[in-house]
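Working notes for the structure below.
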Amino acid sequence: RASRYVTVTGFPLFRSATFRLALIYMLLFGGSAAILMGFLYWATAGVLSDQIDETIQADIKGLAEQYEQRGTPGIAAVISERVRRDPGGRTVYLLTDPLRRPLVGNLSAWPTLEPDSDGWLTFDLLDRDTADGTTHIARARPFILQGGLNLLVGREVREIERIRAMVLNAVIWGTGFTLALGFAGGIAMSRSTARRIDSINQTSRQIVDGNLDRRIPTRGTNDEFDQLAANLNAMLDRNQTLLEGLRHVSDNIAHDLRTPLARLRGKLDEIDRPNLTDDDRNRIVESAIAEADGLLAIFNALLRIAQIEAGGRRENFAPMDLAEVVSDVAELYEPVALVKGITLAVRCEPTTGLTGDRDLLFQAVANLADNAIKYTPEGSNVVLHAAGTVVTVSDTGHGIPEDAKEDVFRRFHRLEESRNTPGSGLGLSLVRAVATLHGGKVQLEDNRPGLKAILSIG
């Protein structure tokens, strides 16, 4: 049978959402790194170019001052001296007449290029250190001296080009390395996330196939996936508890309601007997109505417990005084206790700031008081005590065996000694449902002698 549920086992990694997110992150991070490195390249090359330009401008200014002070022979002597001290020709000097015929310098002719918009010339300069005709780029600025002489001062920018190439290579390799690391990290992160999701999906499929005891494994890292798994496991535990409760209720309904239904049917069969008197027939009808009312009461109790366990009564929460609820229960059951010869005592401490459903809490405390009075022999004591958010109902009866203290909270569960006592076995189930609805719990303890029921709410 083909399954209609989907698992990520064998799911293509490059189609996963986690990989796409990792890829987007990689592109954003790589783009940011490229922009940063590009800015460093622009800033480094710009600073070096500005330094050279400032050096050339200062050199021109100095030569212009020499020309004003010493004339053409003086500036020619200075240029000749500077050329002599720079045999490699890294600094460019050329002084020409108004027709741009060379007078002195280390250039054989004036460059044929036109200056750019800022007045700078960029041209190829022959490397004098090699004999293979290697050229390098030079940057120079022309200047017209008084008398029409043309002065060209520049510098070879070989180092700048080398540094630019190094920075550009660093930008390219750095960006590529960043993208490669991001890609590898994206794959690793996607694989890890896919494994965690696959674990959840595999467990979910096993649960769907009927293995309700399966739970999503955690790694103990308390990360987002562990928290998700813990919440899902808590939900699964709750669902399993409800399903088991439903199955238990179904079994108990089939078992415990069969007898009263059989009695009801038997009474209805008796009505058709021809020799019945009107009084006998009325008595049978009244008995059958009582049986039906009992069955309806049981079903209403089951529905109420189900509604409480589903959290459907929270809209009735309001500020209340738990001590007042206990006092009202004691007032209700005091006549019943007197008839049975039981001493009913009440000790209440007023509480404030408590929020809850007063009717449900009244019913829960009433169920505990009813059980205490019902199963306590004549001459015993029952005490209702309210303090803070805790209600204690204690008696001096026979108590409950230790191994049965949890079973009595199951629906329709009744101890052997209480089988002949009126009741449906739903009272304590309702008490636990009310306690859970209020964020609390109910537990049974030995009173030595007797039993102590402790109801606490959050």
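Scheme for the structure tokens: letters A, B, ... for chains in order shown; per-chain residue numbers from 1; ligand numbers from 1 in order shown.
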Among region 339-442 of chain A, which residues does DSSP mark as alpha helix (DSSP H) when it is run on the backbone? Keep the chain and numbering as in the structure and answer as a count of residues only. 30
Please tabulate, as JSON lines, the residues of region 86-200 of chain A that come within 10 Å of region 216-237 of chain A, each with its closest pair of atoms and the distance in Å to one decimal, counting only C-alpha atoms and ordering rows by chain, then residue number upward.
```
{"residue": "A:Thr193", "atom": "CA", "partner": "A:Phe225", "partner_atom": "CA", "distance": 8.9}
{"residue": "A:Arg196", "atom": "CA", "partner": "A:Phe225", "partner_atom": "CA", "distance": 7.4}
{"residue": "A:Ile197", "atom": "CA", "partner": "A:Phe225", "partner_atom": "CA", "distance": 8.6}
{"residue": "A:Ser199", "atom": "CA", "partner": "A:Ile216", "partner_atom": "CA", "distance": 7.1}
{"residue": "A:Ile200", "atom": "CA", "partner": "A:Ile216", "partner_atom": "CA", "distance": 5.8}
```
Output all heavy atoms of each residue in that selection to a file, as a PDB file, in the first residue's frame.
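This went into result_33.pdb:
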```pdb
ATOM      1  N   THR A 193      20.868  19.767   9.291  1.00  0.00           N
ATOM      2  CA  THR A 193      19.448  20.089   9.481  1.00  0.00           C
ATOM      3  C   THR A 193      18.563  19.017   8.863  1.00  0.00           C
ATOM      4  O   THR A 193      17.543  18.633   9.447  1.00  0.00           O
ATOM      5  CB  THR A 193      19.141  21.454   8.850  1.00  0.00           C
ATOM      6  OG1 THR A 193      20.016  22.446   9.405  1.00  0.00           O
ATOM      7  CG2 THR A 193      17.706  21.860   9.108  1.00  0.00           C
ATOM      8  N   ARG A 196      18.261  16.078  11.141  1.00  0.00           N
ATOM      9  CA  ARG A 196      17.359  16.305  12.270  1.00  0.00           C
ATOM     10  C   ARG A 196      15.897  16.238  11.820  1.00  0.00           C
ATOM     11  O   ARG A 196      15.049  15.635  12.478  1.00  0.00           O
ATOM     12  CB  ARG A 196      17.644  17.670  12.910  1.00  0.00           C
ATOM     13  CG  ARG A 196      19.060  17.837  13.449  1.00  0.00           C
ATOM     14  CD  ARG A 196      19.333  16.926  14.632  1.00  0.00           C
ATOM     15  NE  ARG A 196      18.512  17.243  15.790  1.00  0.00           N
ATOM     16  CZ  ARG A 196      18.855  18.123  16.728  1.00  0.00           C
ATOM     17  NH1 ARG A 196      19.989  18.800  16.627  1.00  0.00           N
ATOM     18  NH2 ARG A 196      18.071  18.332  17.776  1.00  0.00           N
ATOM     19  N   ILE A 197      15.603  16.871  10.671  1.00  0.00           N
ATOM     20  CA  ILE A 197      14.234  16.842  10.156  1.00  0.00           C
ATOM     21  C   ILE A 197      13.847  15.420   9.753  1.00  0.00           C
ATOM     22  O   ILE A 197      12.710  14.984   9.981  1.00  0.00           O
ATOM     23  CB  ILE A 197      14.099  17.810   8.967  1.00  0.00           C
ATOM     24  CG1 ILE A 197      14.321  19.257   9.443  1.00  0.00           C
ATOM     25  CG2 ILE A 197      12.732  17.680   8.302  1.00  0.00           C
ATOM     26  CD1 ILE A 197      14.292  20.273   8.329  1.00  0.00           C
ATOM     27  N   SER A 199      14.906  12.726  11.095  1.00  0.00           N
ATOM     28  CA  SER A 199      14.632  11.987  12.327  1.00  0.00           C
ATOM     29  C   SER A 199      13.208  12.238  12.803  1.00  0.00           C
ATOM     30  O   SER A 199      12.495  11.309  13.214  1.00  0.00           O
ATOM     31  CB  SER A 199      15.635  12.394  13.408  1.00  0.00           C
ATOM     32  OG  SER A 199      15.322  11.788  14.642  1.00  0.00           O
ATOM     33  N   ILE A 200      12.775  13.507  12.729  1.00  0.00           N
ATOM     34  CA  ILE A 200      11.397  13.847  13.127  1.00  0.00           C
ATOM     35  C   ILE A 200      10.396  13.161  12.200  1.00  0.00           C
ATOM     36  O   ILE A 200       9.386  12.595  12.650  1.00  0.00           O
ATOM     37  CB  ILE A 200      11.211  15.372  13.116  1.00  0.00           C
ATOM     38  CG1 ILE A 200      12.101  16.031  14.182  1.00  0.00           C
ATOM     39  CG2 ILE A 200       9.753  15.740  13.355  1.00  0.00           C
ATOM     40  CD1 ILE A 200      12.073  17.548  14.157  1.00  0.00           C
TER      41      ILE A 200
END
```
Nearest to Val391 (chain A) by atom-to-atom distance, counting only C-alpha atoms, from A:Leu428, A:Val208, A:Leu455, A:Ile373: A:Leu455
Those in region 163-382 of chain A with strand (DSSP E or B) from DSSP, as a list in words: Ala318, Pro319, Met320, Thr343, Leu344, Ala345, Val346, Arg347, Cys348, Leu354, Thr355, Gly356, Asn381 and Val382 of chain A
Excluding same-chain residues fewer than 2 positions from Tyr93 (chain A), what lies within 6 Å of it counting only C-alpha atoms, as an mmCIF file with N, CA, C and O atoms, in the first residue's frame?
```
data_model
loop_
_atom_site.group_PDB
_atom_site.id
_atom_site.type_symbol
_atom_site.label_atom_id
_atom_site.label_comp_id
_atom_site.auth_asym_id
_atom_site.auth_seq_id
_atom_site.Cartn_x
_atom_site.Cartn_y
_atom_site.Cartn_z
ATOM 1 N N GLY A 105 66.796 66.324 -20.122
ATOM 2 C CA GLY A 105 65.902 65.357 -19.486
ATOM 3 C C GLY A 105 66.246 63.951 -19.888
ATOM 4 O O GLY A 105 67.216 63.708 -20.617
ATOM 5 N N ASN A 106 65.455 62.991 -19.400
ATOM 6 C CA ASN A 106 65.707 61.585 -19.706
ATOM 7 C C ASN A 106 64.662 60.998 -20.658
ATOM 8 O O ASN A 106 64.516 59.782 -20.758
ATOM 9 N N LEU A 152 57.984 68.810 -18.312
ATOM 10 C CA LEU A 152 57.225 67.572 -18.055
ATOM 11 C C LEU A 152 57.908 66.827 -16.916
ATOM 12 O O LEU A 152 59.092 66.483 -17.011
ATOM 13 N N VAL A 153 57.168 66.602 -15.850
ATOM 14 C CA VAL A 153 57.688 65.890 -14.678
ATOM 15 C C VAL A 153 56.751 64.719 -14.394
ATOM 16 O O VAL A 153 55.525 64.873 -14.358
#
```
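Distance-wise, CA of Gly353 (chain A) and CA of Ala323 (chain A) end up 12.3 Å apart.
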Excluding region 179-185 of chain A and its own-chain neighbours fewer than 5 positions away, which residues fall within 8 Å of it when counting only C-alpha atoms? Please give them as a list in words. Ala22, Leu23, Tyr25, Met26, Leu27, Phe29 and Gly30 of chain A
Would you save the residues of that selection, restricted to C-alpha atoms, as a PDB file, in the first residue's frame?
```
ATOM      1  CA  ALA A  22      22.534  28.705   3.272  1.00  0.00           C
ATOM      2  CA  LEU A  23      23.129  29.597  -0.391  1.00  0.00           C
ATOM      3  CA  TYR A  25      23.526  33.599   3.160  1.00  0.00           C
ATOM      4  CA  MET A  26      26.653  32.561   1.272  1.00  0.00           C
ATOM      5  CA  LEU A  27      25.887  34.965  -1.590  1.00  0.00           C
ATOM      6  CA  PHE A  29      28.284  37.144   2.830  1.00  0.00           C
ATOM      7  CA  GLY A  30      30.406  36.677  -0.288  1.00  0.00           C
TER       8      GLY A  30
END
```
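Contact shell of region 440-450 of chain A at 6 Å (only C-alpha atoms; same-chain neighbours under 6 positions omitted): Asp395, Thr396, Gly397, His398, Gly399, Arg432, Ser456, Ile457 and Gly458 of chain A.
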Since we have the selection now, will you write its residues out, keeping C-alpha atoms, as a PDB file, in the first residue's frame?
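As written to disk, again.pdb reads:
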```
ATOM      1  CA  ASP A 395     -10.605  11.138  57.191  1.00  0.00           C
ATOM      2  CA  THR A 396      -9.966   8.434  59.755  1.00  0.00           C
ATOM      3  CA  GLY A 397     -11.485   5.572  57.770  1.00  0.00           C
ATOM      4  CA  HIS A 398      -9.900   2.449  56.283  1.00  0.00           C
ATOM      5  CA  GLY A 399      -7.838   4.259  53.637  1.00  0.00           C
ATOM      6  CA  ARG A 432      -8.051  15.101  38.546  1.00  0.00           C
ATOM      7  CA  SER A 456      -3.627  21.851  44.726  1.00  0.00           C
ATOM      8  CA  ILE A 457      -4.205  24.368  41.965  1.00  0.00           C
ATOM      9  CA  GLY A 458      -1.752  26.653  40.176  1.00  0.00           C
TER      10      GLY A 458
END
```
